[in-house]
Amino acid sequence: MSCMLLGVLRRHGSVGAGVGLRSLASVPSLPPSVADFVKGAVDECKPSNVHVVTGTAEETATILAGLEREGMVKRLPKYENCWLARTDPKDVARVESKTVIVTKNHRDTVPIPAGGAKSQLGSWMSESDWQRAREERFPGCMTGRTMYVIPFSMGPVGSTLSKYGVQVTDSPYVVASMGVMTRMGTPVLNKLAEGVEFVRCQHSLGRPLPLTAPLVNSWPCNPDKVLISHLPDTRQILSFGSGYGGNSLLGKKCFALRIASRIAKDEGWLAEHMLILGITNPAGVKRYVAAAFPSACGKTNLAMMKPSLPGWKVECVGDDIAWMKFDSHGKLRAINPENGFFGVAPGTSDKTNPYAMATIAKNTVFTNVGETSDGGVWWEGLDAPPAGVTLTDWHGKAWKPGTSTLCAHPNSRFCAPAGQCPIIDPLWESEEGVPIDAIIFGGRRPEGVPLVYESFNWQHGVFVGAAMRSEATAAAEHKGKVLMNDPFAMRPFFGYNFGDYLAHWLSMQRRGAATQLPRIFHVNWFRKDPSSGAFLWPGFGENARVLEWIFRRCGRQAEDEAARRSAIGWLPVDGAIDTKGLSGGVDMGALLDVPKTFWQQEARELRAYFSQQVGADLPAQVEAELRALEDRVHN
Ligand code: O2Y
Ligand code: MN
């Protein structure tokens with residue numbers, strides 16, 4: 001067996017073949033803890049080569065050229081340095097059913113549901129089952145392939161809020177994508193040499209060479225054996241069988257949410273599934289808000305919003321994840337731990353998100369989108385291509401508008417550097433994070449839930465986050481839409497017991513200064529007119545009108561002329577939301593209505609959910625908030 005390992009380890013770069021893997025014992029220049037981790041992974045996975053990633057542009061170009069030769073990506077000549085990957089159709093999204101948290105006790109991971117029901121708040125695997133699963137998957141899994149060693153930072157290298165990781169992977173596509181989504185390479189290795197902690201991330205596609213069956217679309221994966229496992233106690237992630245998105249770019253959901261939420265609990269901060277944006281009013285006053293939305297609520301669109309209100313400006317700090325910590329003055333500060341956007345392509349257009357369109361115009365990896373005959377990309381929601389330009393769908397087949405199938409996969413993605421966003425916030429990489437004045441929870445609620453309301457206080461705000469629900473497309477066999485509980489938009493991403501997570505959120509109040517605590521809001525852009533089924537609110541840039549009310553509420557007394565108390569929280573008074581210039585007009589009465597019978601039913605369903613899914617782990621303060629809501633909606 002030949003390998004590049006020893007030289008690589010000496011120089012933090014790849015070297016010529018011919019160095020025996022046995023020499024690994026004397027890894028001189030990788031920091032010792034990193035060398036130990038890599039050695040363990042090499043012993044288990046048995047790659048033929050090892051390449052320590054430096055993160056230079058030349059290295060990325062070489063990796064992309066290799067991917068192109070293997071047919072895993074193709075260049076998109078219409079744009080500068082853009083690439084298209086088509087996956088095996090069996091590997092197109094995060095696989096929640098194969099995602100587990102491994103802890104000693106079941107209850108460390110999830111509350112134990114009543115009556116033997118299955119937990120919807122995460123999946124636990126015992127240590128012994130996990131050991132067996134690991135032994136069935138990883139030994140020899142990288143035979144014939146190169147193991148890439150990716151030192152990466154979540155957050156700017158050196159920031160006090162940043163955390164580090166090392167991912168070993170046999171997927172060069174993952175290396176190229178991690179190079180966009182994280183800070184990766186030699187600067188991080190230098191940081192690791194200072195002895196800082198790092199999360200150990202081991203990823204394999206699970207298709208050693210020689211292949212025993214042909215690949216589909218030249219995309220190696222092993223769908224029958226997918227397992228995405230997290231060991232929060234030892235800060236480890238082991239992912240097998242998928243090369244896609246959240247399953248394989250381990251800095252994202254696995255580290256920045258599941259493992260980080262546990263680190264955050266241990267260290268007294270918050271790792272959340274939230275966008276961060278800055279909003280400036282016409283007088284030049286700026287505030288930052290963090291916002292949590294379940295999928296399909298337009299999170300990336302809000303993060304990069306073009307406000308319709310004259311004189312207002314939104315700037316983007318991040319579109320998906322926020323790490324937040326109270327500073328020594330008791331002000332909550334947030335960083336976006338990521339370095340790029342891994343956004344859903346379909347529906348993104350100059351109409352819905354012009355800044356995202358500008359962001360992805362160069363240096364972007366597209367996955368499972370359609371392709372145009374002039375070397376560009378296409379997906380549902382874009383204008384039809386000009387006459388003479390033909391389309392190829394995400395399977396690589398000729399496709400025509402009007403066909404019953406989709407051109408782009410609904411979960412097709414762009415992976416683009418955040419720094420390319422035209423409205424990236426000037427402080428998006430600031431060392432201490434941006435000061436957060438408001439936290440917004442949201443959901444897709446066709447009925448009963450007003451456009452916006454504010455919680456009475458922090459504890460009530462935690463209850464509002466815990467009570468989040470959103471309309472989602474049901475599993476294929478049920479069809480149609482269902483309301484899903486998605487507390488804090490974290491349902492697939494909790495790294496530990498949700499009851500403990502709530503207790504942690506409640507405890508955070510003590511770390512903040514009373515006058516500096518962010519105000520907590522709930523928004524719903526998706527309420528419908530019950531008779532016509534049409535949306536009552538235009539959404540997109542017009543959401544700035546709601547942000548304006550939120551902006552005004554921050555820094556004011558709870559009781560002020562812009563708000564009135566209701567059974568569920570503070571609501572805007574008549575006229576407090578600026579509707580001037582809204583074409584077609586809107587029915588603010590219908591948008592802000594809080595129907596008693598609806599909320600009585602909502603409270604009943606919440607009680608059933610909490611008692612079934614959270615049971616004895618529900619903190620008394622959250623139970624008290626539920627009882628208080630029940631009292632208010634029945635009086
Ligand atoms: O399907 C995937 O692997 C991507 S999941 C994802 C990607 C970017 C932002 N958010 C998400 C999510 O599932 O919340
Ligand atoms: Mn997300």
# chains A, B, ... in the order shown; residues from 1 in each chain; ligands from 1
$ residues_around --residues "Thr212 (chain A)" --least-positions-apart "6" --cutoff "12 Å" --atoms "only C-alpha atoms" --output "PDB file with all heavy atoms, in the first residue's frame"
ATOM      1  N   GLY A 206     -18.810   5.319   2.137  1.00  0.00           N
ATOM      2  CA  GLY A 206     -19.145   3.900   2.279  1.00  0.00           C
ATOM      3  C   GLY A 206     -19.075   3.118   0.981  1.00  0.00           C
ATOM      4  O   GLY A 206     -19.798   2.138   0.820  1.00  0.00           O
ATOM      5  N   PRO A 220     -20.661   8.403  -5.462  1.00  0.00           N
ATOM      6  CA  PRO A 220     -20.560   7.290  -4.517  1.00  0.00           C
ATOM      7  C   PRO A 220     -21.387   7.556  -3.264  1.00  0.00           C
ATOM      8  O   PRO A 220     -21.345   8.651  -2.703  1.00  0.00           O
ATOM      9  CB  PRO A 220     -19.064   7.241  -4.157  1.00  0.00           C
ATOM     10  CG  PRO A 220     -18.406   8.333  -4.923  1.00  0.00           C
ATOM     11  CD  PRO A 220     -19.444   9.200  -5.536  1.00  0.00           C
ATOM     12  N   ASN A 222     -23.879   5.037  -0.094  1.00  0.00           N
ATOM     13  CA  ASN A 222     -24.324   3.695   0.308  1.00  0.00           C
ATOM     14  C   ASN A 222     -25.651   3.851   1.067  1.00  0.00           C
ATOM     15  O   ASN A 222     -25.696   3.732   2.297  1.00  0.00           O
ATOM     16  CB  ASN A 222     -23.226   3.067   1.182  1.00  0.00           C
ATOM     17  CG  ASN A 222     -23.476   1.608   1.454  1.00  0.00           C
ATOM     18  OD1 ASN A 222     -24.584   1.118   1.273  1.00  0.00           O
ATOM     19  ND2 ASN A 222     -22.448   0.916   1.907  1.00  0.00           N
TER      20      ASN A 222
END
$ residues_near_ligand --ligand "ligand 1" --cutoff "8 Å" --atoms "only C-alpha atoms and all ligand atoms" --output "list in words"
Val92, Ala93, Arg94, Val95, Tyr244, Gly245, Gly246, Asn247, Ser248, Lys252, Lys253, His273, Pro294, Ser295, Asp319, Asp320, Phe341, Phe342, Gly343, Val344, Asn411 and Arg413 of chain A
$ write_last_selection --atoms "N, CA, C and O atoms" --output "JSON list (two decimals), in the first residue's frame"
[["chain", "number", "residue", "atom", "x", "y", "z"],
["A", 92, "VAL", "N", -30.34, 12.56, -1.61],
["A", 92, "VAL", "CA", -30.77, 13.90, -2.01],
["A", 92, "VAL", "C", -31.12, 14.83, -0.84],
["A", 92, "VAL", "O", -31.52, 15.97, -1.07],
["A", 93, "ALA", "N", -30.99, 14.37, 0.40],
["A", 93, "ALA", "CA", -31.40, 15.21, 1.54],
["A", 93, "ALA", "C", -30.88, 14.62, 2.85],
["A", 93, "ALA", "O", -30.42, 13.48, 2.88],
["A", 94, "ARG", "N", -30.98, 15.44, 3.89],
["A", 94, "ARG", "CA", -30.71, 14.94, 5.24],
["A", 94, "ARG", "C", -31.62, 13.75, 5.51],
["A", 94, "ARG", "O", -32.80, 13.77, 5.15],
["A", 95, "VAL", "N", -31.09, 12.74, 6.17],
["A", 95, "VAL", "CA", -31.92, 11.57, 6.47],
["A", 95, "VAL", "C", -32.17, 11.53, 7.97],
["A", 95, "VAL", "O", -31.37, 11.03, 8.75],
["A", 244, "TYR", "N", -24.38, 13.83, 0.85],
["A", 244, "TYR", "CA", -25.22, 15.02, 0.64],
["A", 244, "TYR", "C", -25.27, 15.93, 1.85],
["A", 244, "TYR", "O", -25.42, 15.48, 3.00],
["A", 245, "GLY", "N", -25.21, 17.22, 1.58],
["A", 245, "GLY", "CA", -25.55, 18.30, 2.50],
["A", 245, "GLY", "C", -25.34, 18.05, 3.98],
["A", 245, "GLY", "O", -24.23, 17.80, 4.47],
["A", 246, "GLY", "N", -26.45, 18.14, 4.71],
["A", 246, "GLY", "CA", -26.40, 18.05, 6.15],
["A", 246, "GLY", "C", -25.86, 16.72, 6.66],
["A", 246, "GLY", "O", -25.43, 16.62, 7.81],
["A", 247, "ASN", "N", -25.86, 15.68, 5.82],
["A", 247, "ASN", "CA", -25.32, 14.39, 6.24],
["A", 247, "ASN", "C", -23.80, 14.35, 6.18],
["A", 247, "ASN", "O", -23.18, 13.51, 6.85],
["A", 248, "SER", "N", -23.22, 15.19, 5.33],
["A", 248, "SER", "CA", -21.80, 15.02, 5.02],
["A", 248, "SER", "C", -20.95, 16.27, 5.28],
["A", 248, "SER", "O", -19.74, 16.14, 5.51],
["A", 252, "LYS", "N", -21.97, 21.69, 9.64],
["A", 252, "LYS", "CA", -23.26, 22.40, 9.61],
["A", 252, "LYS", "C", -24.21, 21.89, 10.69],
["A", 252, "LYS", "O", -24.11, 22.29, 11.86],
["A", 253, "LYS", "N", -25.12, 21.02, 10.34],
["A", 253, "LYS", "CA", -26.15, 20.61, 11.31],
["A", 253, "LYS", "C", -25.54, 19.75, 12.42],
["A", 253, "LYS", "O", -25.93, 19.87, 13.59],
["A", 273, "HIS", "N", -30.88, 27.34, 15.58],
["A", 273, "HIS", "CA", -31.20, 27.27, 14.15],
["A", 273, "HIS", "C", -31.84, 28.60, 13.74],
["A", 273, "HIS", "O", -33.05, 28.68, 13.53],
["A", 294, "PRO", "N", -39.04, 27.07, 10.96],
["A", 294, "PRO", "CA", -38.96, 25.73, 10.40],
["A", 294, "PRO", "C", -38.73, 25.81, 8.89],
["A", 294, "PRO", "O", -38.82, 26.89, 8.30],
["A", 295, "SER", "N", -38.46, 24.66, 8.25],
["A", 295, "SER", "CA", -38.21, 24.71, 6.81],
["A", 295, "SER", "C", -39.47, 25.19, 6.07],
["A", 295, "SER", "O", -40.59, 25.12, 6.60],
["A", 319, "ASP", "N", -27.77, 33.03, 7.48],
["A", 319, "ASP", "CA", -29.11, 32.61, 7.04],
["A", 319, "ASP", "C", -29.60, 31.35, 7.73],
["A", 319, "ASP", "O", -30.73, 30.93, 7.50],
["A", 320, "ASP", "N", -28.78, 30.75, 8.63],
["A", 320, "ASP", "CA", -29.24, 29.44, 9.12],
["A", 320, "ASP", "C", -28.93, 29.17, 10.59],
["A", 320, "ASP", "O", -29.74, 28.56, 11.27],
["A", 341, "PHE", "N", -23.51, 29.88, 2.27],
["A", 341, "PHE", "CA", -24.94, 29.58, 2.28],
["A", 341, "PHE", "C", -25.16, 28.27, 1.52],
["A", 341, "PHE", "O", -24.65, 28.11, 0.40],
["A", 342, "PHE", "N", -25.91, 27.36, 2.13],
["A", 342, "PHE", "CA", -26.27, 26.11, 1.46],
["A", 342, "PHE", "C", -27.78, 26.16, 1.27],
["A", 342, "PHE", "O", -28.55, 25.51, 1.97],
["A", 343, "GLY", "N", -28.19, 26.98, 0.32],
["A", 343, "GLY", "CA", -29.61, 27.33, 0.23],
["A", 343, "GLY", "C", -30.38, 26.47, -0.76],
["A", 343, "GLY", "O", -29.81, 25.92, -1.72],
["A", 344, "VAL", "N", -31.70, 26.39, -0.54],
["A", 344, "VAL", "CA", -32.58, 25.69, -1.48],
["A", 344, "VAL", "C", -32.69, 26.54, -2.75],
["A", 344, "VAL", "O", -33.03, 27.72, -2.68],
["A", 411, "ASN", "N", -35.14, 19.72, -3.22],
["A", 411, "ASN", "CA", -34.10, 20.02, -2.21],
["A", 411, "ASN", "C", -32.76, 20.30, -2.88],
["A", 411, "ASN", "O", -31.71, 20.13, -2.28],
["A", 413, "ARG", "N", -29.68, 22.49, -4.27],
["A", 413, "ARG", "CA", -29.01, 23.49, -3.44],
["A", 413, "ARG", "C", -27.98, 24.31, -4.20],
["A", 413, "ARG", "O", -27.39, 23.84, -5.18]]
$ residues_around --residues "Ile520 (chain A)" --least-positions-apart "2" --cutoff "9 Å" --atoms "only C-alpha atoms" --output "MDAnalysis selection string"
chainID A and resid 437:441 453:458 460:462 464:465 518 522
$ residues_around --residues "Val594 (chain A)" --least-positions-apart "6" --cutoff "10 Å" --atoms "only C-alpha atoms" --output "ChimeraX atom specification"
/A:447-450,566-568,571,633
$ closest_residue --among "A:Arg262, A:Arg287, A:Arg491, A:Lys596" --to "ligand 2" --atoms "only C-alpha atoms and all ligand atoms"
A:Arg491
$ select_by_dssp --residues "region 243-409 of chain A" --states "helix (DSSP H, G or I)" --output "mmCIF file with N, CA and C atoms, in the first residue's frame"
data_model
loop_
_atom_site.group_PDB
_atom_site.id
_atom_site.type_symbol
_atom_site.label_atom_id
_atom_site.label_comp_id
_atom_site.auth_asym_id
_atom_site.auth_seq_id
_atom_site.Cartn_x
_atom_site.Cartn_y
_atom_site.Cartn_z
ATOM 1 N N GLY A 245 -25.206 17.224 1.582
ATOM 2 C CA GLY A 245 -25.550 18.305 2.503
ATOM 3 C C GLY A 245 -25.338 18.048 3.984
ATOM 4 N N GLY A 246 -26.447 18.143 4.705
ATOM 5 C CA GLY A 246 -26.404 18.048 6.154
ATOM 6 C C GLY A 246 -25.863 16.718 6.662
ATOM 7 N N ASN A 247 -25.861 15.680 5.822
ATOM 8 C CA ASN A 247 -25.320 14.386 6.240
ATOM 9 C C ASN A 247 -23.803 14.348 6.180
ATOM 10 N N SER A 248 -23.224 15.191 5.332
ATOM 11 C CA SER A 248 -21.802 15.019 5.021
ATOM 12 C C SER A 248 -20.949 16.265 5.283
ATOM 13 N N GLY A 251 -19.680 20.234 9.538
ATOM 14 C CA GLY A 251 -19.650 21.474 10.312
ATOM 15 C C GLY A 251 -21.041 22.060 10.507
ATOM 16 N N LYS A 252 -21.973 21.691 9.640
ATOM 17 C CA LYS A 252 -23.260 22.401 9.609
ATOM 18 C C LYS A 252 -24.207 21.894 10.694
ATOM 19 N N LYS A 253 -25.125 21.022 10.336
ATOM 20 C CA LYS A 253 -26.150 20.606 11.310
ATOM 21 C C LYS A 253 -25.544 19.751 12.423
ATOM 22 N N CYS A 254 -24.616 18.850 12.041
ATOM 23 C CA CYS A 254 -24.083 17.889 13.029
ATOM 24 C C CYS A 254 -23.286 18.612 14.112
ATOM 25 N N PHE A 255 -22.380 19.500 13.693
ATOM 26 C CA PHE A 255 -21.527 20.207 14.651
ATOM 27 C C PHE A 255 -22.230 21.470 15.147
ATOM 28 N N ALA A 256 -22.551 22.381 14.220
ATOM 29 C CA ALA A 256 -22.967 23.734 14.638
ATOM 30 C C ALA A 256 -24.306 23.730 15.363
ATOM 31 N N LEU A 257 -25.097 22.663 15.208
ATOM 32 C CA LEU A 257 -26.355 22.584 15.972
ATOM 33 C C LEU A 257 -26.334 21.442 17.001
ATOM 34 N N ARG A 258 -26.179 20.181 16.535
ATOM 35 C CA ARG A 258 -26.378 19.084 17.513
ATOM 36 C C ARG A 258 -25.253 19.054 18.557
ATOM 37 N N ILE A 259 -24.004 18.998 18.107
ATOM 38 C CA ILE A 259 -22.907 18.953 19.095
ATOM 39 C C ILE A 259 -22.782 20.313 19.791
ATOM 40 N N ALA A 260 -22.911 21.397 19.019
ATOM 41 C CA ALA A 260 -22.725 22.726 19.632
ATOM 42 C C ALA A 260 -23.817 23.031 20.646
ATOM 43 N N SER A 261 -25.047 22.540 20.430
ATOM 44 C CA SER A 261 -26.091 22.838 21.420
ATOM 45 C C SER A 261 -25.712 22.217 22.760
ATOM 46 N N ARG A 262 -25.063 21.056 22.707
ATOM 47 C CA ARG A 262 -24.629 20.420 23.956
ATOM 48 C C ARG A 262 -23.424 21.172 24.568
ATOM 49 N N ILE A 263 -22.483 21.578 23.706
ATOM 50 C CA ILE A 263 -21.346 22.371 24.218
ATOM 51 C C ILE A 263 -21.893 23.656 24.848
ATOM 52 N N ALA A 264 -22.862 24.254 24.166
ATOM 53 C CA ALA A 264 -23.442 25.523 24.640
ATOM 54 C C ALA A 264 -24.114 25.341 25.994
ATOM 55 N N LYS A 265 -24.803 24.215 26.162
ATOM 56 C CA LYS A 265 -25.428 23.975 27.475
ATOM 57 C C LYS A 265 -24.334 23.865 28.545
ATOM 58 N N ASP A 266 -23.280 23.136 28.221
ATOM 59 C CA ASP A 266 -22.203 22.936 29.210
ATOM 60 C C ASP A 266 -21.496 24.253 29.530
ATOM 61 N N GLU A 267 -21.404 25.145 28.526
ATOM 62 C CA GLU A 267 -20.608 26.369 28.704
ATOM 63 C C GLU A 267 -21.460 27.624 28.946
ATOM 64 N N LYS A 299 -36.704 31.374 5.199
ATOM 65 C CA LYS A 299 -35.675 31.888 6.118
ATOM 66 C C LYS A 299 -34.554 32.632 5.377
ATOM 67 N N THR A 300 -34.059 32.027 4.291
ATOM 68 C CA THR A 300 -32.976 32.690 3.547
ATOM 69 C C THR A 300 -33.484 33.988 2.920
ATOM 70 N N ASN A 301 -34.746 33.982 2.466
ATOM 71 C CA ASN A 301 -35.308 35.210 1.887
ATOM 72 C C ASN A 301 -35.377 36.331 2.927
ATOM 73 N N LEU A 302 -35.748 35.988 4.161
ATOM 74 C CA LEU A 302 -35.822 37.022 5.200
ATOM 75 C C LEU A 302 -34.413 37.513 5.553
ATOM 76 N N ALA A 303 -33.480 36.565 5.614
ATOM 77 C CA ALA A 303 -32.104 36.931 5.995
ATOM 78 C C ALA A 303 -31.498 37.934 5.015
ATOM 79 N N PRO A 354 -33.350 38.772 -4.692
ATOM 80 C CA PRO A 354 -32.346 39.248 -5.653
ATOM 81 C C PRO A 354 -30.917 39.165 -5.108
ATOM 82 N N TYR A 355 -30.752 39.333 -3.789
ATOM 83 C CA TYR A 355 -29.389 39.309 -3.235
ATOM 84 C C TYR A 355 -28.823 37.890 -3.229
ATOM 85 N N ALA A 356 -29.687 36.891 -3.037
ATOM 86 C CA ALA A 356 -29.189 35.507 -3.139
ATOM 87 C C ALA A 356 -28.764 35.244 -4.582
ATOM 88 N N MET A 357 -29.540 35.738 -5.537
ATOM 89 C CA MET A 357 -29.193 35.516 -6.955
ATOM 90 C C MET A 357 -27.826 36.129 -7.272
ATOM 91 N N ALA A 358 -27.564 37.310 -6.701
ATOM 92 C CA ALA A 358 -26.252 37.938 -6.944
ATOM 93 C C ALA A 358 -25.149 37.137 -6.247
ATOM 94 N N THR A 359 -25.466 36.601 -5.073
ATOM 95 C CA THR A 359 -24.457 35.851 -4.305
ATOM 96 C C THR A 359 -23.975 34.622 -5.064
#
$ closest_residue --among "A:Phe493, A:Trp537, A:Phe521, A:Tyr501" --to "ligand 2" --atoms "only C-alpha atoms and all ligand atoms"
A:Phe493
$ residues_around --residues "Gly122 (chain A)" --least-positions-apart "2" --cutoff "10 Å" --atoms "only C-alpha atoms" --output "ChimeraX atom specification"
/A:96-97,99-101,109-111,118-120,124,490-498
$ write_last_selection --atoms "N, CA, C and O atoms" --output "compact mmCIF listing (two decimals), in the first residue's frame"
# COMPACT_ATOMS: atom_id res chain seq x y z
N GLU A 96 -33.32 12.10 8.35
CA GLU A 96 -33.62 12.21 9.79
C GLU A 96 -33.76 10.85 10.45
O GLU A 96 -33.32 10.65 11.58
N SER A 97 -34.33 9.89 9.70
CA SER A 97 -34.59 8.57 10.29
C SER A 97 -33.29 7.81 10.56
O SER A 97 -33.30 6.83 11.29
N THR A 99 -30.48 9.45 11.67
CA THR A 99 -29.65 10.38 12.43
C THR A 99 -29.85 10.10 13.92
O THR A 99 -30.99 10.12 14.40
N VAL A 100 -28.76 9.83 14.62
CA VAL A 100 -28.90 9.43 16.03
C VAL A 100 -27.93 10.20 16.92
O VAL A 100 -26.89 10.69 16.47
N ILE A 101 -28.32 10.26 18.19
CA ILE A 101 -27.46 10.80 19.24
C ILE A 101 -27.15 9.61 20.17
O ILE A 101 -28.07 8.89 20.59
N THR A 109 -30.67 11.98 25.84
CA THR A 109 -30.88 12.44 24.46
C THR A 109 -32.28 13.00 24.24
O THR A 109 -32.45 14.05 23.62
N VAL A 110 -33.29 12.28 24.71
CA VAL A 110 -34.69 12.70 24.48
C VAL A 110 -35.54 12.44 25.73
O VAL A 110 -35.27 11.50 26.47
N PRO A 111 -36.59 13.27 25.91
CA PRO A 111 -37.57 12.91 26.94
C PRO A 111 -38.20 11.58 26.54
O PRO A 111 -38.32 11.29 25.34
N LYS A 118 -43.20 7.05 19.94
CA LYS A 118 -41.85 7.35 19.46
C LYS A 118 -41.57 8.83 19.70
O LYS A 118 -42.43 9.67 19.45
N SER A 119 -40.36 9.14 20.17
CA SER A 119 -40.02 10.55 20.36
C SER A 119 -39.92 11.26 19.02
O SER A 119 -39.35 10.72 18.06
N GLN A 120 -40.47 12.45 18.96
CA GLN A 120 -40.31 13.29 17.76
C GLN A 120 -39.19 14.30 17.97
O GLN A 120 -38.98 15.18 17.15
N TRP A 124 -32.34 8.29 19.85
CA TRP A 124 -31.24 7.83 20.69
C TRP A 124 -30.72 6.50 20.17
O TRP A 124 -31.50 5.67 19.68
N MET A 490 -35.92 23.57 16.03
CA MET A 490 -34.76 22.72 16.36
C MET A 490 -35.12 21.23 16.40
O MET A 490 -34.28 20.41 16.75
N ARG A 491 -36.37 20.89 16.08
CA ARG A 491 -36.79 19.49 16.25
C ARG A 491 -35.78 18.48 15.69
O ARG A 491 -35.43 17.53 16.40
N PRO A 492 -35.23 18.68 14.48
CA PRO A 492 -34.27 17.67 13.99
C PRO A 492 -32.85 17.88 14.52
O PRO A 492 -31.95 17.13 14.14
N PHE A 493 -32.64 18.90 15.35
CA PHE A 493 -31.25 19.30 15.63
C PHE A 493 -30.88 19.35 17.10
O PHE A 493 -29.77 19.77 17.44
N PHE A 494 -31.81 18.94 18.00
CA PHE A 494 -31.45 18.95 19.42
C PHE A 494 -30.31 17.98 19.67
O PHE A 494 -30.35 16.84 19.22
N GLY A 495 -29.30 18.45 20.44
CA GLY A 495 -28.18 17.56 20.78
C GLY A 495 -28.36 16.92 22.14
O GLY A 495 -27.53 16.15 22.58
N TYR A 496 -29.44 17.26 22.83
CA TYR A 496 -29.71 16.67 24.15
C TYR A 496 -31.20 16.84 24.45
O TYR A 496 -31.93 17.47 23.67
N ASN A 497 -31.62 16.28 25.57
CA ASN A 497 -33.03 16.23 25.99
C ASN A 497 -33.70 17.62 25.89
O ASN A 497 -33.23 18.60 26.48
N PHE A 498 -34.80 17.67 25.17
CA PHE A 498 -35.52 18.93 24.93
C PHE A 498 -35.98 19.60 26.24
O PHE A 498 -36.01 20.82 26.35
$ select_by_dssp --residues "region 61-232 of chain A" --states "strand (DSSP E)" --output "PyMOL selection string"
chain A and resi 73-75+83-85+99-102+124-125+146-154+163-169+183-184+199-204+227-231
$ residues_around --residues "Gly347 (chain A)" --least-positions-apart "2" --cutoff "7 Å" --atoms "only C-alpha atoms" --output "ChimeraX atom specification"
/A:345,349,380-381
$ write_last_selection --atoms "N, CA and C atoms" --output "compact mmCIF listing (two decimals), in the first residue's frame"
# COMPACT_ATOMS: atom_id res chain seq x y z
N ALA A 345 -32.43 25.92 -3.90
CA ALA A 345 -32.47 26.68 -5.16
C ALA A 345 -33.90 26.95 -5.65
N SER A 349 -35.27 33.54 -6.80
CA SER A 349 -35.29 34.27 -8.08
C SER A 349 -35.05 35.75 -7.80
N GLU A 380 -37.27 25.57 -10.88
CA GLU A 380 -38.64 26.04 -10.79
C GLU A 380 -38.65 27.37 -10.01
N GLY A 381 -39.37 28.35 -10.57
CA GLY A 381 -39.41 29.67 -9.94
C GLY A 381 -38.65 30.70 -10.75
$ closest_residue --among "A:Gly195, A:Gly298, A:Leu76, A:Trp219" --to "ligand 2" --atoms "only C-alpha atoms and all ligand atoms"
A:Gly298
$ closest_residue --among "A:Thr348, A:Arg556, A:Ala489, A:Leu591" --to "ligand 2" --atoms "only C-alpha atoms and all ligand atoms"
A:Ala489
$ residues_around --residues "region 184-194 of chain A" --least-positions-apart "5" --cutoff "10 Å" --atoms "only C-alpha atoms" --output "list of chain:residue names"
A:His12, A:Gly13, A:Ser29, A:Leu30, A:Pro31, A:Pro32, A:Ser33, A:Val34, A:Val52, A:Val53, A:Thr54, A:Gly55, A:Thr56, A:Val149, A:Ile150, A:Pro151, A:Phe152, A:Ser153, A:Met154, A:Pro156, A:Val157, A:Gly158, A:Tyr164, A:Gly165, A:Val166, A:Val175, A:Met178, A:Gly179, A:Asn339
$ closest_residue --among "A:Ala384, A:Ala296, A:Met324, A:Ala534" --to "ligand 2" --atoms "only C-alpha atoms and all ligand atoms"
A:Ala296
$ closest_residue --among "A:Phe540, A:Pro530, A:Leu275, A:Gly370" --to "ligand 2" --atoms "only C-alpha atoms and all ligand atoms"
A:Leu275
